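A.B. asks: Structure provided below as structure tokens; questions to follow.
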Amino acid sequence: MKLLVTGGAGYVGSHTVRALLEAGHDVTVLDNLSTGHRWALQDCELMSVDLRDALHLNQQLKGRRFDGVLHFAAKSLVGESKSNPILYYQNNVTGTANLVDAMLKAGIPRLVFSSTAAIFGNPKRDLIDEKHPKAPINVYGQTKLTVENMLESVTKSAGFSATCLRYFNAAGANNAANLGEWHDPETHLIPNALRAAAGTGQPLTLFGDDYPTPDGTCVRDYVHVDDLASAHVAAIGKMRKRGVFNTHNLGNGNGYSVKEVIAACEAAVGKEIPYKVGPRREGDPATLVASSAKARKRLNWEPKHDGIAEIAESAWRWECYRRDKLVLR
């Protein structure tokens with residue numbers, strides 16, 4: 001298939017581009033490189049467009065033939081979404097509305113949307129499936145849920161299909177392709193722990209150690225970024241009918257506490273990672289773990305990287321490469 005990948009120079013987007021190319025698809029990347037990286041681009045065409053610029057977007061898609069779009073381009077920092085909600089609604093909601101409108105005008109029939117577990121808010125049960133109540137507790141999650149609702153409405157009124165893939169915690173790296181995680185600022189636990197160990201980041205802070213969990217720290221579901229990429233390849237391949245809306249939660253179904261993740265990072269680095277304990281962060285639930293039974297059944301998807309140790313090791317190899325050999329740009 002001939003596919004357009006928005007945000008294809010970002011973390012999950014670039015890994016998915018690689019997986020799509022390996023599967024034999026013809027890929028074009030659309031990215032304004034505001035948070036994506038040129039070094040993450042694969043061997044494919046780059047379309048430099050900001051999704052908020054509807055006129056430019058329509059001009060770029062006019063006359064182009066794509067079988068589908070995989071949409072990663074978005075703002076994704078929870079704290080920033082609280083301090084600047086207008087920016088998040090402009091990027092995540094208006095930008096996606098512009099994209100879908102341009103797709104309809106260009107006759108592009110299917111979209112795979114990068115969503116998030118943040119749409120669920122505080123969990124009501126141990127494993128979160130697709131039917132779990134949706135009550136986001138931050139602006140980032142609110143914008144993603146707004147987009148999901150919009151996409152469901154569009155599929156009912158046009159010859160258009162959408163699949164929403166809800167990530168829990170993307171982690172790890174593809175060392176063979178020298179692809180990995182690089183955000184500025186970085187808010188994710190694993191890269192921050194590894195950078196603290198390497199002396200290239202800030203000292204590590206553990207936000208709360210008095211949660212109702214076995215060791216008092218938050219428990220999260222970590223899924224390897226290559227497994228997320230394979231789910232996107234599977235999802236776009238399954239989208240044959242028009243007028244269909246689907247959702248899938250993506251995780252390993254295994255929860256790891258913050259202290260367990262730090263221990264895995266220490267094993268990968270080979271030394272202790274010092275940290276201090278700070279107060280809880282507002283809106284952090286004690287446990288957030290996915291049920292991916294639907295994705296495993298409907299997409300025939302099975303995570304191949306199922307342990308936090310392997311994830312931490314790949315992230316550490318990426319951190320060493322990034323620190324020693326990569327010129328960031």
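Letters A, B, ... go to the chains of the structure tokens in the order shown; residues in each chain start at 1; ligands are counted from 1 in the same order.
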At most 7 Å is the cut-off: for each residue in segment 143-235 of chain A with any atom that close to an atom of segment 12-21 of chain A, write down the nearest atom pair and the distance in Å rounded to one decimal, counting only C-alpha atoms, chain first then increasing number, as CSV.
C.D. replies:
residue,atom,partner,partner_atom,distance
A:Val225,CA,A:Val12,CA,6.2
A:Asp226,CA,A:His15,CA,6.3
A:Ala229,CA,A:Thr16,CA,4.3
A:Ser230,CA,A:Ala19,CA,6.6
A:His232,CA,A:Thr16,CA,6.9
A:Val233,CA,A:Leu20,CA,6.1
A.B. asks: Take the selection from the previous step and output its residues with C-alpha atoms, as a PDB file, in the first residue's frame.
C.D. replies:
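part-v9.pdb written:
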ATOM      1  CA  VAL A 225       8.160   0.577  20.661  1.00  0.00           C
ATOM      2  CA  ASP A 226       8.765  -2.083  17.978  1.00  0.00           C
ATOM      3  CA  ALA A 229       4.999  -0.417  15.366  1.00  0.00           C
ATOM      4  CA  SER A 230       3.956  -3.961  14.458  1.00  0.00           C
ATOM      5  CA  HIS A 232       0.164  -0.300  13.381  1.00  0.00           C
ATOM      6  CA  VAL A 233       1.259  -2.436  10.437  1.00  0.00           C
TER       7      VAL A 233
END
A.B. asks: Pick out each residue of segment 190-251 of chain A that DSSP on the backbone tags as strand (DSSP E); I need them as a list of chain:residue names.
C.D. replies: A:Leu204, A:Thr205, A:Leu206, A:Phe207, A:Val219, A:Arg220, A:Asp221, A:Tyr222, A:Val223, A:His224, A:Phe245, A:Asn246, A:Thr247, A:His248, A:Asn249, A:Leu250
A.B. asks: With N, CA and C atoms kept, could you save the residues just selected as a CSV table (one decimal), in the first residue's frame?
C.D. replies:
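What landed in result08.csv:
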chain,number,residue,atom,x,y,z
A,204,LEU,N,17.6,11.8,39.3
A,204,LEU,CA,16.3,11.2,39.2
A,204,LEU,C,15.4,11.4,40.4
A,205,THR,N,14.2,11.8,40.2
A,205,THR,CA,13.2,12.0,41.2
A,205,THR,C,12.1,10.9,41.1
A,206,LEU,N,11.8,10.3,42.2
A,206,LEU,CA,10.7,9.3,42.2
A,206,LEU,C,9.5,10.0,42.9
A,207,PHE,N,8.4,10.1,42.1
A,207,PHE,CA,7.3,10.9,42.6
A,207,PHE,C,6.3,10.1,43.4
A,219,VAL,N,2.6,1.6,39.4
A,219,VAL,CA,2.7,0.5,38.5
A,219,VAL,C,2.2,0.8,37.2
A,220,ARG,N,3.0,0.5,36.2
A,220,ARG,CA,2.7,0.9,34.8
A,220,ARG,C,3.0,-0.3,33.8
A,221,ASP,N,2.3,-0.3,32.7
A,221,ASP,CA,2.5,-1.3,31.7
A,221,ASP,C,3.4,-0.7,30.6
A,222,TYR,N,4.5,-1.3,30.4
A,222,TYR,CA,5.5,-0.9,29.4
A,222,TYR,C,5.5,-1.8,28.2
A,223,VAL,N,5.4,-1.2,27.0
A,223,VAL,CA,5.3,-2.0,25.7
A,223,VAL,C,6.4,-1.5,24.8
A,224,HIS,N,7.2,-2.4,24.3
A,224,HIS,CA,8.3,-2.0,23.4
A,224,HIS,C,7.8,-1.3,22.2
A,245,PHE,N,-15.3,1.9,12.5
A,245,PHE,CA,-14.6,2.5,13.6
A,245,PHE,C,-14.2,1.4,14.6
A,246,ASN,N,-12.9,1.4,14.9
A,246,ASN,CA,-12.3,0.4,15.9
A,246,ASN,C,-11.4,1.0,16.9
A,247,THR,N,-11.3,0.4,18.0
A,247,THR,CA,-10.3,0.8,19.0
A,247,THR,C,-9.6,-0.4,19.6
A,248,HIS,N,-8.3,-0.2,19.9
A,248,HIS,CA,-7.6,-1.3,20.5
A,248,HIS,C,-6.6,-0.7,21.6
A,249,ASN,N,-6.6,-1.4,22.7
A,249,ASN,CA,-5.6,-1.0,23.8
A,249,ASN,C,-4.3,-1.8,23.5
A,250,LEU,N,-3.2,-1.2,23.7
A,250,LEU,CA,-1.9,-1.8,23.4
A,250,LEU,C,-1.0,-1.8,24.6
A.B. asks: Find the residues around Glu266 of chain A up to 10 Å (only C-alpha atoms counted), leave out those fewer than 2 positions away in its own chain, and share them as JSON, numbers by chain.
C.D. replies: {"A": [193, 194, 197, 260, 261, 262, 263, 264, 268, 269, 270, 271, 272, 273, 274, 309, 312, 313, 316]}
A.B. asks: Name all residues at most 9 Å from Ala40 of chain A (count only C-alpha atoms; drop same-chain ones fewer than 6 positions away) and give them as JSON, numbers by chain.
C.D. replies: {"A": [8, 9, 10, 11, 14, 15, 178, 179, 180]}
A.B. asks: Near Ser115 of chain A, counting only C-alpha atoms, which residues have an atom at most 12 Å away, once you skip same-chain residues fewer than 5 positions from it, shown as a PyMOL selection string?
C.D. replies: chain A and resi 12+70-76+92-93+96+120+140-149+151+162-170+228+232+246-250
A.B. asks: Skip segment 277-285 of chain A itself and residues of its chain fewer than 2 positions away, then list as a list of chain:residue names all residues within 9 Å of it, counting only C-alpha atoms.
C.D. replies: A:Gly121, A:Asn122, A:Pro123, A:Ile137, A:Asn138, A:Leu204, A:Thr205, A:Leu206, A:Phe207, A:Gly208, A:Asp209, A:Asp210, A:Tyr211, A:Cys218, A:Val219, A:Tyr275, A:Thr287, A:Leu288
A.B. asks: Grab the residues selected above and save them as a tab-separated table (two decimals), in the first residue's frame with C-alpha atoms.
C.D. replies:
chain	number	residue	atom	x	y	z
A	121	GLY	CA	-8.18	8.62	33.64
A	122	ASN	CA	-8.12	6.89	37.01
A	123	PRO	CA	-8.65	3.14	36.51
A	137	ILE	CA	-7.85	13.81	34.01
A	138	ASN	CA	-5.53	15.98	31.91
A	204	LEU	CA	16.29	11.15	39.17
A	205	THR	CA	13.22	11.96	41.24
A	206	LEU	CA	10.70	9.30	42.24
A	207	PHE	CA	7.28	10.91	42.57
A	208	GLY	CA	5.70	9.29	45.61
A	209	ASP	CA	6.48	6.03	47.41
A	210	ASP	CA	3.28	5.68	49.43
A	211	TYR	CA	0.87	4.32	46.82
A	218	CYS	CA	3.23	3.52	40.77
A	219	VAL	CA	2.75	0.48	38.55
A	275	TYR	CA	17.25	8.87	43.21
A	287	THR	CA	-1.83	1.31	38.75
A	288	LEU	CA	-2.35	1.50	34.99
A.B. asks: Given the choices A:Gly63, A:Gly95, A:Gly172, A:Pro203, which gets closest to His305 of chain A if the distance is worked out from only C-alpha atoms?
C.D. replies: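 Using only C-alpha atoms, the shortest distance to His305 of chain A belongs to A:Gly172.
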A.B. asks: Tell me, which residues of segment 173-216 of chain A carry DSSP alpha helix (DSSP H), written as a PyMOL selection string?
C.D. replies: chain A and resi 189-198
